[in-house]
file coords13.cif (mmCIF, C-alpha atoms)
data_target
loop_
_atom_site.group_PDB
_atom_site.id
_atom_site.type_symbol
_atom_site.label_atom_id
_atom_site.label_comp_id
_atom_site.auth_asym_id
_atom_site.auth_seq_id
_atom_site.Cartn_x
_atom_site.Cartn_y
_atom_site.Cartn_z
ATOM 1 C CA MET Z 1 10.138 63.245 -116.117
ATOM 2 C CA LEU Z 2 12.538 61.483 -113.743
ATOM 3 C CA PHE Z 3 15.283 58.963 -114.320
ATOM 4 C CA SER Z 4 13.636 55.722 -113.176
ATOM 5 C CA ALA Z 5 15.301 53.040 -115.306
ATOM 6 C CA ARG Z 6 17.843 52.805 -118.070
ATOM 7 C CA ALA Z 7 15.125 51.851 -120.524
ATOM 8 C CA ALA Z 8 12.936 54.812 -119.592
ATOM 9 C CA GLY Z 9 14.412 56.966 -122.347
ATOM 10 C CA PHE Z 10 15.064 60.669 -122.288
ATOM 11 C CA ALA Z 11 12.894 63.682 -122.969
ATOM 12 C CA ALA Z 12 14.230 66.405 -125.209
ATOM 13 C CA VAL Z 13 15.037 69.683 -123.515
ATOM 14 C CA VAL Z 14 16.588 72.848 -124.887
ATOM 15 C CA VAL Z 15 19.727 74.045 -123.118
ATOM 16 C CA ALA Z 16 20.744 77.646 -123.562
ATOM 17 C CA ALA Z 17 24.354 78.401 -124.459
ATOM 18 C CA GLY Z 18 26.381 79.969 -121.664
ATOM 19 C CA ALA Z 19 29.822 80.091 -120.080
ATOM 20 C CA GLY Z 20 30.902 76.496 -120.514
ATOM 21 C CA CYS Z 21 34.325 74.852 -120.605
ATOM 22 C CA SER Z 22 35.793 76.769 -123.505
ATOM 23 C CA SER Z 23 35.562 80.182 -125.108
ATOM 24 C CA GLU Z 24 32.930 78.743 -127.484
ATOM 25 C CA PRO Z 25 29.455 77.527 -126.562
ATOM 26 C CA GLU Z 26 29.148 73.778 -125.981
ATOM 27 C CA LEU Z 27 27.151 72.721 -129.029
ATOM 28 C CA GLY Z 28 25.659 69.414 -130.089
ATOM 29 C CA SER Z 29 22.792 67.175 -129.044
ATOM 30 C CA THR Z 30 20.933 68.337 -125.950
ATOM 31 C CA SER Z 31 18.684 65.286 -125.595
ATOM 32 C CA SER Z 32 18.427 64.590 -121.888
ATOM 33 C CA ALA Z 33 16.178 63.642 -119.024
ATOM 34 C CA ILE Z 34 15.010 66.360 -116.688
ATOM 35 C CA VAL Z 35 16.366 65.427 -113.271
ATOM 36 C CA ASP Z 36 14.437 66.686 -110.257
ATOM 37 C CA PRO Z 37 16.975 67.122 -107.424
ATOM 38 C CA SER Z 38 14.192 67.376 -104.837
ATOM 39 C CA LEU Z 39 13.436 63.685 -105.266
ATOM 40 C CA PHE Z 40 16.913 62.700 -104.102
ATOM 41 C CA VAL Z 41 17.526 62.370 -100.364
ATOM 42 C CA LEU Z 42 20.697 63.571 -98.652
ATOM 43 C CA PRO Z 43 20.837 61.090 -95.750
ATOM 44 C CA SER Z 44 21.403 62.295 -92.199
ATOM 45 C CA LEU Z 45 21.939 59.093 -90.227
ATOM 46 C CA SER Z 46 23.387 57.925 -86.941
ATOM 47 C CA ALA Z 47 26.787 56.251 -87.023
ATOM 48 C CA GLU Z 48 25.112 52.869 -86.477
ATOM 49 C CA ALA Z 49 22.667 53.423 -89.345
ATOM 50 C CA ARG Z 50 25.511 54.510 -91.665
ATOM 51 C CA ALA Z 51 27.511 51.456 -90.625
ATOM 52 C CA ARG Z 52 24.672 49.102 -91.518
ATOM 53 C CA ILE Z 53 24.705 50.508 -95.073
ATOM 54 C CA VAL Z 54 28.460 50.894 -95.492
ATOM 55 C CA HIS Z 55 29.248 47.386 -94.268
ATOM 56 C CA ASN Z 56 27.218 45.920 -97.115
ATOM 57 C CA TYR Z 57 29.810 47.398 -99.500
ATOM 58 C CA ASP Z 58 32.995 46.162 -97.786
ATOM 59 C CA ALA Z 59 34.278 44.704 -101.062
ATOM 60 C CA LEU Z 60 34.676 48.173 -102.584
ATOM 61 C CA ASP Z 61 38.140 49.739 -102.762
ATOM 62 C CA PRO Z 62 40.052 46.819 -101.188
ATOM 63 C CA SER Z 63 43.332 48.767 -101.293
ATOM 64 C CA ASP Z 64 41.850 51.798 -99.486
ATOM 65 C CA THR Z 65 42.764 54.139 -102.322
ATOM 66 C CA ILE Z 66 39.889 56.614 -101.858
ATOM 67 C CA PRO Z 67 39.652 58.839 -98.764
ATOM 68 C CA ARG Z 68 37.409 56.728 -96.539
ATOM 69 C CA GLY Z 69 34.974 59.468 -95.509
ATOM 70 C CA LEU Z 70 34.250 60.483 -99.108
ATOM 71 C CA LEU Z 71 33.816 56.862 -100.166
ATOM 72 C CA GLU Z 72 31.316 56.249 -97.364
ATOM 73 C CA ASP Z 73 29.369 59.418 -98.243
ATOM 74 C CA THR Z 74 29.026 58.110 -101.789
ATOM 75 C CA ILE Z 75 28.003 54.634 -100.639
ATOM 76 C CA VAL Z 76 25.305 55.959 -98.300
ATOM 77 C CA TYR Z 77 23.919 58.411 -100.880
ATOM 78 C CA PHE Z 78 23.983 55.732 -103.589
ATOM 79 C CA ASP Z 79 22.244 53.145 -101.400
ATOM 80 C CA THR Z 80 19.595 55.596 -100.184
ATOM 81 C CA ASN Z 81 18.736 56.784 -103.705
ATOM 82 C CA LYS Z 82 19.490 53.642 -105.724
ATOM 83 C CA ASP Z 83 15.961 53.419 -107.140
ATOM 84 C CA LEU Z 84 16.536 56.831 -108.789
ATOM 85 C CA ILE Z 85 19.979 56.002 -110.221
ATOM 86 C CA PRO Z 86 19.709 54.506 -113.735
ATOM 87 C CA ASN Z 87 23.293 53.235 -114.000
ATOM 88 C CA PRO Z 88 24.176 51.380 -110.777
ATOM 89 C CA ASP Z 89 27.262 49.655 -112.186
ATOM 90 C CA TYR Z 90 29.695 52.399 -111.181
ATOM 91 C CA PHE Z 91 30.067 55.566 -109.180
ATOM 92 C CA VAL Z 92 32.772 58.233 -109.169
ATOM 93 C CA VAL Z 93 34.412 60.025 -106.236
ATOM 94 C CA VAL Z 94 36.389 63.262 -106.713
ATOM 95 C CA ASP Z 95 38.523 64.760 -103.914
ATOM 96 C CA PHE Z 96 38.988 68.452 -104.668
ATOM 97 C CA THR Z 97 41.381 68.982 -101.752
ATOM 98 C CA ARG Z 98 44.157 67.228 -103.642
ATOM 99 C CA TYR Z 99 46.788 68.857 -105.826
ATOM 100 C CA SER Z 100 45.838 68.569 -109.501
ATOM 101 C CA GLY Z 101 48.983 66.553 -110.215
ATOM 102 C CA ARG Z 102 47.714 63.713 -108.035
ATOM 103 C CA ASP Z 103 45.077 61.121 -108.806
ATOM 104 C CA ARG Z 104 41.804 62.454 -107.382
ATOM 105 C CA PHE Z 105 39.079 61.115 -109.715
ATOM 106 C CA TRP Z 106 38.213 57.520 -108.843
ATOM 107 C CA LEU Z 107 35.917 55.297 -110.901
ATOM 108 C CA VAL Z 108 34.528 52.507 -108.696
ATOM 109 C CA ASP Z 109 33.216 49.266 -110.201
ATOM 110 C CA LEU Z 110 30.421 48.094 -107.893
ATOM 111 C CA ALA Z 111 30.485 44.549 -109.274
ATOM 112 C CA THR Z 112 34.177 43.883 -108.626
ATOM 113 C CA GLY Z 113 35.053 46.571 -106.069
ATOM 114 C CA ALA Z 114 37.959 47.704 -108.261
ATOM 115 C CA VAL Z 115 39.013 51.361 -108.282
ATOM 116 C CA GLU Z 116 40.382 53.142 -111.357
ATOM 117 C CA PRO Z 117 42.320 56.345 -110.482
ATOM 118 C CA HIS Z 118 42.710 59.336 -112.800
ATOM 119 C CA LYS Z 119 43.765 62.955 -112.937
ATOM 120 C CA VAL Z 120 41.063 65.580 -113.420
ATOM 121 C CA ALA Z 121 41.136 69.335 -114.008
ATOM 122 C CA HIS Z 122 39.251 71.930 -111.979
ATOM 123 C CA GLY Z 123 37.987 75.357 -112.997
ATOM 124 C CA SER Z 124 40.312 78.328 -113.393
ATOM 125 C CA GLY Z 125 38.009 80.359 -111.170
ATOM 126 C CA SER Z 126 38.412 77.760 -108.420
ATOM 127 C CA ASP Z 127 42.201 78.166 -108.566
ATOM 128 C CA PRO Z 128 42.806 81.906 -109.023
ATOM 129 C CA ASP Z 129 46.458 81.563 -107.949
ATOM 130 C CA ASN Z 130 47.021 78.855 -110.567
ATOM 131 C CA ASN Z 131 48.921 76.721 -108.053
ATOM 132 C CA GLY Z 132 47.158 73.417 -108.658
ATOM 133 C CA TYR Z 133 44.740 73.646 -105.735
ATOM 134 C CA ALA Z 134 41.016 74.367 -105.995
ATOM 135 C CA THR Z 135 39.850 76.603 -103.146
ATOM 136 C CA ILE Z 136 36.698 78.384 -104.394
ATOM 137 C CA PHE Z 137 33.534 76.745 -105.730
ATOM 138 C CA SER Z 138 30.347 78.093 -107.247
ATOM 139 C CA ASN Z 139 26.949 77.273 -108.723
ATOM 140 C CA VAL Z 140 26.864 80.549 -110.694
ATOM 141 C CA SER Z 141 27.209 80.951 -114.452
ATOM 142 C CA GLY Z 142 30.276 82.837 -115.620
ATOM 143 C CA SER Z 143 32.317 82.030 -112.496
ATOM 144 C CA TYR Z 144 34.530 79.444 -114.265
ATOM 145 C CA GLN Z 145 34.500 77.611 -110.958
ATOM 146 C CA SER Z 146 33.936 73.947 -110.262
ATOM 147 C CA SER Z 147 30.928 72.883 -108.201
ATOM 148 C CA LEU Z 148 30.755 70.575 -105.187
ATOM 149 C CA GLY Z 149 28.081 67.967 -104.555
ATOM 150 C CA PHE Z 150 26.363 64.916 -105.996
ATOM 151 C CA TYR Z 151 25.752 64.640 -109.755
ATOM 152 C CA LEU Z 152 24.112 62.306 -112.220
ATOM 153 C CA THR Z 153 25.847 61.868 -115.548
ATOM 154 C CA GLY Z 154 23.916 62.738 -118.673
ATOM 155 C CA GLU Z 155 24.137 62.100 -122.409
ATOM 156 C CA ILE Z 156 27.191 61.985 -124.660
ATOM 157 C CA TYR Z 157 27.443 64.635 -127.384
ATOM 158 C CA ASP Z 158 29.996 66.204 -129.719
ATOM 159 C CA GLY Z 159 30.609 69.870 -129.087
ATOM 160 C CA THR Z 160 33.710 72.015 -128.776
ATOM 161 C CA HIS Z 161 35.297 68.920 -127.293
ATOM 162 C CA PRO Z 162 34.395 65.610 -128.983
ATOM 163 C CA HIS Z 163 32.673 62.898 -126.992
ATOM 164 C CA SER Z 164 31.681 65.147 -124.093
ATOM 165 C CA MET Z 165 29.178 64.149 -121.424
ATOM 166 C CA ARG Z 166 26.623 66.428 -119.792
ATOM 167 C CA LEU Z 167 26.013 66.534 -116.039
ATOM 168 C CA ASP Z 168 22.987 67.219 -113.841
ATOM 169 C CA GLY Z 169 23.461 68.487 -110.297
ATOM 170 C CA LEU Z 170 21.590 67.003 -107.336
ATOM 171 C CA SER Z 171 22.840 69.307 -104.543
ATOM 172 C CA PRO Z 172 20.869 72.568 -104.185
ATOM 173 C CA ASP Z 173 22.245 75.816 -102.785
ATOM 174 C CA GLY Z 174 22.456 75.637 -98.994
ATOM 175 C CA SER Z 175 23.558 72.010 -98.883
ATOM 176 C CA PRO Z 176 26.198 71.157 -96.239
ATOM 177 C CA ASN Z 177 29.925 71.501 -96.869
ATOM 178 C CA GLY Z 178 29.391 74.126 -99.551
ATOM 179 C CA MET Z 179 27.750 71.681 -101.959
ATOM 180 C CA ALA Z 180 25.761 73.422 -104.709
ATOM 181 C CA ASN Z 181 25.628 72.251 -108.317
ATOM 182 C CA THR Z 182 22.043 72.326 -109.615
ATOM 183 C CA ASN Z 183 22.981 74.850 -112.312
ATOM 184 C CA VAL Z 184 25.717 72.786 -113.954
ATOM 185 C CA ARG Z 185 23.656 71.835 -117.005
ATOM 186 C CA ASP Z 186 22.708 75.446 -117.712
ATOM 187 C CA ARG Z 187 26.319 76.474 -117.016
ATOM 188 C CA LEU Z 188 27.496 73.895 -119.592
ATOM 189 C CA ILE Z 189 29.695 72.211 -117.000
ATOM 190 C CA VAL Z 190 30.439 68.791 -118.493
ATOM 191 C CA VAL Z 191 32.981 65.959 -118.582
ATOM 192 C CA HIS Z 192 35.295 66.241 -121.596
ATOM 193 C CA GLU Z 193 38.772 65.437 -122.820
ATOM 194 C CA ALA Z 194 41.504 68.065 -122.619
ATOM 195 C CA SER Z 195 45.085 68.066 -123.852
ATOM 196 C CA TYR Z 196 46.134 69.877 -120.667
ATOM 197 C CA VAL Z 197 45.350 66.796 -118.523
ATOM 198 C CA ASP Z 198 47.865 63.943 -118.534
ATOM 199 C CA ASP Z 199 47.387 60.817 -116.398
ATOM 200 C CA GLY Z 200 51.063 59.959 -116.884
ATOM 201 C CA THR Z 201 52.505 62.970 -115.050
ATOM 202 C CA THR Z 202 52.508 64.208 -111.460
ATOM 203 C CA THR Z 203 53.004 67.852 -112.379
ATOM 204 C CA GLN Z 204 50.280 70.497 -112.149
ATOM 205 C CA GLN Z 205 47.474 69.939 -114.643
ATOM 206 C CA GLY Z 206 45.810 72.656 -116.689
ATOM 207 C CA ARG Z 207 42.556 74.342 -115.666
ATOM 208 C CA SER Z 208 39.122 74.179 -117.260
ATOM 209 C CA ASN Z 209 36.241 76.646 -117.174
ATOM 210 C CA GLY Z 210 34.684 74.561 -114.389
ATOM 211 C CA CYS Z 211 34.381 71.207 -116.153
ATOM 212 C CA LEU Z 212 35.704 67.816 -115.072
ATOM 213 C CA ALA Z 213 38.322 67.517 -117.811
ATOM 214 C CA LEU Z 214 40.115 64.191 -118.300
ATOM 215 C CA ASP Z 215 43.152 62.894 -120.175
ATOM 216 C CA PRO Z 216 42.102 62.278 -123.830
ATOM 217 C CA SER Z 217 43.654 58.809 -123.713
ATOM 218 C CA ILE Z 218 41.171 57.589 -121.083
ATOM 219 C CA GLU Z 219 38.168 59.899 -121.475
ATOM 220 C CA VAL Z 220 36.302 57.779 -124.027
ATOM 221 C CA SER Z 221 36.690 54.606 -121.963
ATOM 222 C CA VAL Z 222 35.502 56.316 -118.775
ATOM 223 C CA VAL Z 223 32.575 58.193 -120.317
ATOM 224 C CA ASP Z 224 31.371 55.153 -122.267
ATOM 225 C CA ARG Z 225 30.922 53.325 -118.965
ATOM 226 C CA ILE Z 226 29.288 56.038 -116.887
ATOM 227 C CA HIS Z 227 27.059 58.112 -119.200
ATOM 228 C CA ASP Z 228 23.312 58.443 -118.656
ATOM 229 C CA GLY Z 229 22.780 58.067 -114.962
ATOM 230 C CA THR Z 230 25.918 57.308 -112.935
ATOM 231 C CA LEU Z 231 26.438 58.974 -109.554
ATOM 232 C CA ILE Z 232 29.405 61.342 -109.170
ATOM 233 C CA TYR Z 233 30.405 62.940 -105.858
ATOM 234 C CA GLY Z 234 32.814 65.886 -105.745
ATOM 235 C CA ALA Z 235 33.745 67.146 -102.291
ATOM 236 C CA LEU Z 236 36.316 68.688 -99.981
ATOM 237 C CA MET Z 237 35.377 66.923 -96.745
ATOM 238 C CA PRO Z 238 33.127 64.076 -95.628
ATOM 239 C CA LEU Z 239 29.594 64.743 -94.461
ATOM 240 C CA ALA Z 240 30.034 62.491 -91.407
ATOM 241 C CA PRO Z 241 32.907 60.725 -89.608
ATOM 242 C CA ALA Z 242 33.949 57.484 -91.273
ATOM 243 C CA VAL Z 243 32.635 54.324 -89.619
ATOM 244 C CA GLY Z 244 35.143 52.003 -91.280
ATOM 245 C CA ARG Z 245 34.790 48.457 -92.489
ATOM 246 C CA THR Z 246 32.971 45.646 -90.709
ATOM 247 C CA THR Z 247 34.701 44.838 -87.418
ATOM 248 C CA CYS Z 248 34.133 41.657 -85.447
ATOM 249 C CA GLY Z 249 33.448 42.652 -81.865
ATOM 250 C CA ASP Z 250 31.396 45.781 -82.484
ATOM 251 C CA ALA Z 251 28.196 44.033 -81.299
ATOM 252 C CA ILE Z 252 26.558 44.394 -84.737
ATOM 253 C CA CYS Z 253 26.075 41.361 -86.956
ATOM 254 C CA ASP Z 254 26.422 42.907 -90.407
ATOM 255 C CA GLY Z 255 28.501 42.983 -93.545
ATOM 256 C CA GLY Z 256 29.829 39.490 -94.251
ATOM 257 C CA GLU Z 257 29.712 38.352 -90.623
ATOM 258 C CA ASP Z 258 27.908 35.177 -89.520
ATOM 259 C CA GLN Z 259 27.892 32.823 -86.542
ATOM 260 C CA THR Z 260 31.021 31.083 -87.827
ATOM 261 C CA SER Z 261 33.165 34.072 -88.767
ATOM 262 C CA CYS Z 262 32.118 36.261 -85.849
ATOM 263 C CA PRO Z 263 30.234 34.431 -83.082
ATOM 264 C CA SER Z 264 30.615 37.359 -80.688
ATOM 265 C CA ASP Z 265 28.485 39.598 -82.940
ATOM 266 C CA CYS Z 266 26.296 36.909 -84.491
ATOM 267 C CA ALA Z 267 25.435 34.634 -81.555
ATOM 268 C CA LYS Z 268 22.179 32.693 -81.759
ATOM 269 C CA GLY Z 269 19.325 35.047 -81.153
ATOM 270 C CA ASP Z 270 21.248 38.105 -82.392
ATOM 271 C CA THR Z 271 19.346 39.842 -85.178
ATOM 272 C CA GLY Z 272 21.806 42.659 -85.582
ATOM 273 C CA GLY Z 273 21.271 44.447 -82.303
ATOM 274 C CA SER Z 274 17.471 44.459 -82.250
ATOM 275 C CA GLY Z 275 17.277 42.467 -79.028
ATOM 276 C CA SER Z 276 14.821 39.934 -80.523
ATOM 277 C CA ASP Z 277 14.930 36.236 -79.761
ATOM 278 C CA ASN Z 278 14.452 33.235 -81.999
ATOM 279 C CA THR Z 279 10.910 32.381 -80.998
ATOM 280 C CA GLY Z 280 9.933 32.516 -84.659
ATOM 281 C CA ASP Z 281 12.343 29.637 -85.441
ATOM 282 C CA PRO Z 282 11.460 26.419 -83.566
ATOM 283 C CA SER Z 283 14.845 24.917 -84.449
ATOM 284 C CA GLN Z 284 16.675 27.606 -82.495
ATOM 285 C CA PRO Z 285 16.652 28.126 -78.715
ATOM 286 C CA ASN Z 286 15.399 31.388 -77.281
ATOM 287 C CA ASP Z 287 17.859 33.875 -75.829
ATOM 288 C CA ASP Z 288 17.058 32.856 -72.247
ATOM 289 C CA GLU Z 289 17.918 29.234 -73.080
ATOM 290 C CA ILE Z 290 21.421 30.038 -74.304
ATOM 291 C CA GLY Z 291 22.803 30.902 -70.877
ATOM 292 C CA GLY Z 292 23.247 33.942 -68.736
ATOM 293 C CA CYS Z 293 20.655 35.637 -66.559
ATOM 294 C CA SER Z 294 16.924 35.402 -67.120
ATOM 295 C CA THR Z 295 14.309 37.696 -65.636
ATOM 296 C CA SER Z 296 11.901 34.762 -65.320
ATOM 297 C CA GLY Z 297 14.350 32.406 -63.686
ATOM 298 C CA GLY Z 298 14.030 29.620 -66.274
ATOM 299 C CA THR Z 299 15.066 25.969 -65.881
ATOM 300 C CA SER Z 300 18.550 26.857 -64.649
ATOM 301 C CA GLY Z 301 17.036 28.903 -61.840
ATOM 302 C CA LEU Z 302 14.846 25.981 -60.699
ATOM 303 C CA LEU Z 303 17.780 23.571 -60.687
ATOM 304 C CA LEU Z 304 19.793 25.974 -58.577
ATOM 305 C CA ALA Z 305 16.915 26.306 -56.092
ATOM 306 C CA PHE Z 306 16.517 22.534 -55.733
ATOM 307 C CA GLY Z 307 20.257 22.153 -55.263
ATOM 308 C CA LEU Z 308 20.348 24.669 -52.418
ATOM 309 C CA LEU Z 309 17.336 23.012 -50.759
ATOM 310 C CA GLY Z 310 19.031 19.598 -50.809
ATOM 311 C CA LEU Z 311 22.217 21.091 -49.365
ATOM 312 C CA ARG Z 312 20.293 22.616 -46.417
ATOM 313 C CA ARG Z 313 18.595 19.268 -45.694
ATOM 314 C CA ARG Z 314 21.900 17.389 -45.638
ATOM 315 C CA ARG Z 315 23.342 19.928 -43.186
ATOM 316 C CA ARG Z 316 20.491 19.252 -40.770
#

call {"tool": "encode", "arguments": {"input": "coords13.cif", "output": "structure tokens"}}
result
Amino acid sequence: MLFSARAAGFAAVVVAAGAGCSSEPELGSTSSAIVDPSLFVLPSLSAEARARIVHNYDALDPSDTIPRGLLEDTIVYFDTNKDLIPNPDYFVVVDFTRYSGRDRFWLVDLATGAVEPHKVAHGSGSDPDNNGYATIFSNVSGSYQSSLGFYLTGEIYDGTHPHSMRLDGLSPDGSPNGMANTNVRDRLIVVHEASYVDDGTTTQQGRSNGCLALDPSIEVSVVDRIHDGTLIYGALMPLAPAVGRTTCGDAICDGGEDQTSCPSDCAKGDTGGSGSDNTGDPSQPNDDEIGGCSTSGGTSGLLLAFGLLGLRRRRR
């Protein structure tokens, strides 16, 4: 059974206890949907194709808080797989290159574009030197390491940590940039509160057993908004170079551009770089009537010819 809509409900599955985010098994309700990662597409697009998607989301992160490449990866993945994502109101971006004392977990509101920054812990196995930096990642049980890749959030339950939220991984082993997280549910890698994470400090945070642990003062608010089908992306580097926001003058009529705001990109007859004319709209002139050269000559070519002929006659 696949996530297809919020109202689709969830099938019961049994999750075996394993090396989760504490010394005790993560207990509690295990009601969940079975997510098939093979149904999700990891896009591999040209810069122009990425730009056409990204520019439709220019209102997100107006203060440029999130590393641009990671934000664009999330946008493109979200847009490509949106029919499989039950909760499209938010997505989360996590930058694991950052020191644990810095904000590196960003909750993005897709309706308003607002970004909510938070601290988040990484696994002790990912930071063997205990210096606040995660350097090793795994999809293997017992590693106590965090996993990279795209996730869908699962159900809320009360276990060793109250009000925890299960995760399902969408990035199989062999994915680019070291992404691999399809075992996170079996590994009991979840989102939970932890007293060793404090949003109010910039000092090194504590380490989990691989879970995304949040400050207890904000965990309930965050989880209550993103449970049961929100996209999360945890990464070290972007999958493709950033294309940036919509730019007038890039010869593509996209994003919020129109003939008034950006006539150079959205001139009459421009359908976003397809080279089509306006023959389907009788109220609009065709491209060869707007000016410039025409392979067929057109009216302007005939006028020029008659003008030259008259000039030759006068000279005689």

call {"tool": "resolve_selection", "arguments": {"input": "coords13.cif", "expression": "the PyMOL selection byres ((chain Z and resi 235) around 6)", "output": "PyMOL selection string"}}
result
chain Z and resi 95-96+148+234+236-237

call {"tool": "resolve_selection", "arguments": {"input": "coords13.cif", "expression": "the PyMOL selection byres ((chain Z and resi 85-93) around 6)", "output": "PyMOL selection string"}}
result
chain Z and resi 5-6+82-84+94+105-110+229-233

call {"tool": "resolve_selection", "arguments": {"input": "coords13.cif", "expression": "the PyMOL selection byres ((chain Z and resi 59) around 12)", "output": "number ranges by chain"}}
result
Z: 54-58, 60-64, 75, 108-115, 245-246, 255-256

call {"tool": "write_last_selection", "arguments": {"input": "coords13.cif", "atoms": "C-alpha atoms", "output": "mmCIF file, in the frame of the given file"}}
result
data_model
loop_
_atom_site.group_PDB
_atom_site.id
_atom_site.type_symbol
_atom_site.label_atom_id
_atom_site.label_comp_id
_atom_site.auth_asym_id
_atom_site.auth_seq_id
_atom_site.Cartn_x
_atom_site.Cartn_y
_atom_site.Cartn_z
ATOM 1 C CA VAL Z 54 28.460 50.894 -95.492
ATOM 2 C CA HIS Z 55 29.248 47.386 -94.268
ATOM 3 C CA ASN Z 56 27.218 45.920 -97.115
ATOM 4 C CA TYR Z 57 29.810 47.398 -99.500
ATOM 5 C CA ASP Z 58 32.995 46.162 -97.786
ATOM 6 C CA LEU Z 60 34.676 48.173 -102.584
ATOM 7 C CA ASP Z 61 38.140 49.739 -102.762
ATOM 8 C CA PRO Z 62 40.052 46.819 -101.188
ATOM 9 C CA SER Z 63 43.332 48.767 -101.293
ATOM 10 C CA ASP Z 64 41.850 51.798 -99.486
ATOM 11 C CA ILE Z 75 28.003 54.634 -100.639
ATOM 12 C CA VAL Z 108 34.528 52.507 -108.696
ATOM 13 C CA ASP Z 109 33.216 49.266 -110.201
ATOM 14 C CA LEU Z 110 30.421 48.094 -107.893
ATOM 15 C CA ALA Z 111 30.485 44.549 -109.274
ATOM 16 C CA THR Z 112 34.177 43.883 -108.626
ATOM 17 C CA GLY Z 113 35.053 46.571 -106.069
ATOM 18 C CA ALA Z 114 37.959 47.704 -108.261
ATOM 19 C CA VAL Z 115 39.013 51.361 -108.282
ATOM 20 C CA ARG Z 245 34.790 48.457 -92.489
ATOM 21 C CA THR Z 246 32.971 45.646 -90.709
ATOM 22 C CA GLY Z 255 28.501 42.983 -93.545
ATOM 23 C CA GLY Z 256 29.829 39.490 -94.251
#

call {"tool": "atom_distance", "arguments": {"input": "coords13.cif", "atom1": "atom CA of Arg104 of chain Z", "atom2": "atom CA of Asn183 of chain Z"}}
result
23.1 Å

call {"tool": "closest_residue", "arguments": {"input": "coords13.cif", "among": "Z:Gly142, Z:Gly123, Z:Pro216, Z:Pro238", "to": "Gly200 of chain Z", "atoms": "all atoms listed in the file"}}
result
Z:Pro216

call {"tool": "closest_residue", "arguments": {"input": "coords13.cif", "among": "Z:Gly125, Z:Gly132, Z:Leu239, Z:Thr202", "to": "Asp73 of chain Z", "atoms": "only C-alpha atoms"}}
result
Z:Leu239

call {"tool": "atom_distance", "arguments": {"input": "coords13.cif", "atom1": "atom CA of Leu152 of chain Z", "atom2": "atom CA of His118 of chain Z"}}
result
18.8 Å

call {"tool": "atom_distance", "arguments": {"input": "coords13.cif", "atom1": "atom CA of Asn181 of chain Z", "atom2": "atom CA of Val197 of chain Z"}}
result
22.9 Å

call {"tool": "closest_residue", "arguments": {"input": "coords13.cif", "among": "Z:Arg50, Z:Asp228, Z:Arg68, Z:Leu212", "to": "Glu155 of chain Z", "atoms": "all atoms listed in the file"}}
result
Z:Asp228

call {"tool": "residues_around", "arguments": {"input": "coords13.cif", "residues": "Val41 of chain Z", "least_positions_apart": "6", "cutoff": "9 Å", "atoms": "all atoms listed in the file", "output": "ChimeraX atom specification"}}
result
/Z:77,80-81

call {"tool": "closest_residue", "arguments": {"input": "coords13.cif", "among": "Z:Gln204, Z:Tyr151, Z:Pro37, Z:Ala240", "to": "Pro176 of chain Z", "atoms": "all atoms listed in the file"}}
result
Z:Ala240

call {"tool": "residues_around", "arguments": {"input": "coords13.cif", "residues": "Pro162 of chain Z", "least_positions_apart": "4", "cutoff": "9 Å", "atoms": "all atoms listed in the file", "output": "list in words"}}
result
Tyr157, Asp158, His192 and Glu193 of chain Z

call {"tool": "closest_residue", "arguments": {"input": "coords13.cif", "among": "Z:Cys253, Z:Asn131, Z:Thr74, Z:Asp215", "to": "Gly149 of chain Z", "atoms": "all atoms listed in the file"}}
result
Z:Thr74

call {"tool": "closest_residue", "arguments": {"input": "coords13.cif", "among": "Z:Ser264, Z:Ser195, Z:Ser164, Z:Thr182", "to": "Val140 of chain Z", "atoms": "all atoms listed in the file"}}
result
Z:Thr182

call {"tool": "build_atoms", "arguments": {"input": "coords13.cif", "residues": "segment 224-232 of chain Z", "atoms": "N, CA and C atoms", "output": "short mmCIF file (atom, residue, chain, number, x, y, z; two decimals), keeping the file's coordinate frame"}}
result
data_model
loop_
_atom_site.label_atom_id
_atom_site.label_comp_id
_atom_site.auth_asym_id
_atom_site.auth_seq_id
_atom_site.Cartn_x
_atom_site.Cartn_y
_atom_site.Cartn_z
N ASP Z 224 32.20 56.21 -121.70
CA ASP Z 224 31.37 55.15 -122.27
C ASP Z 224 30.80 54.23 -121.20
N ARG Z 225 31.43 54.18 -120.04
CA ARG Z 225 30.92 53.32 -118.96
C ARG Z 225 29.96 54.04 -118.03
N ILE Z 226 30.04 55.36 -117.94
CA ILE Z 226 29.29 56.04 -116.89
C ILE Z 226 28.22 57.01 -117.39
N HIS Z 227 28.05 57.14 -118.70
CA HIS Z 227 27.06 58.11 -119.20
C HIS Z 227 25.64 57.70 -118.82
N ASP Z 228 24.74 58.66 -118.84
CA ASP Z 228 23.31 58.44 -118.66
C ASP Z 228 22.94 57.80 -117.31
N GLY Z 229 23.33 58.45 -116.25
CA GLY Z 229 22.78 58.07 -114.96
C GLY Z 229 23.69 57.44 -113.94
N THR Z 230 24.98 57.76 -113.97
CA THR Z 230 25.92 57.31 -112.94
C THR Z 230 26.10 58.41 -111.90
N LEU Z 231 26.23 58.02 -110.64
CA LEU Z 231 26.44 58.97 -109.55
C LEU Z 231 27.89 59.43 -109.51
N ILE Z 232 28.09 60.75 -109.40
CA ILE Z 232 29.40 61.34 -109.17
C ILE Z 232 29.32 62.19 -107.91
#
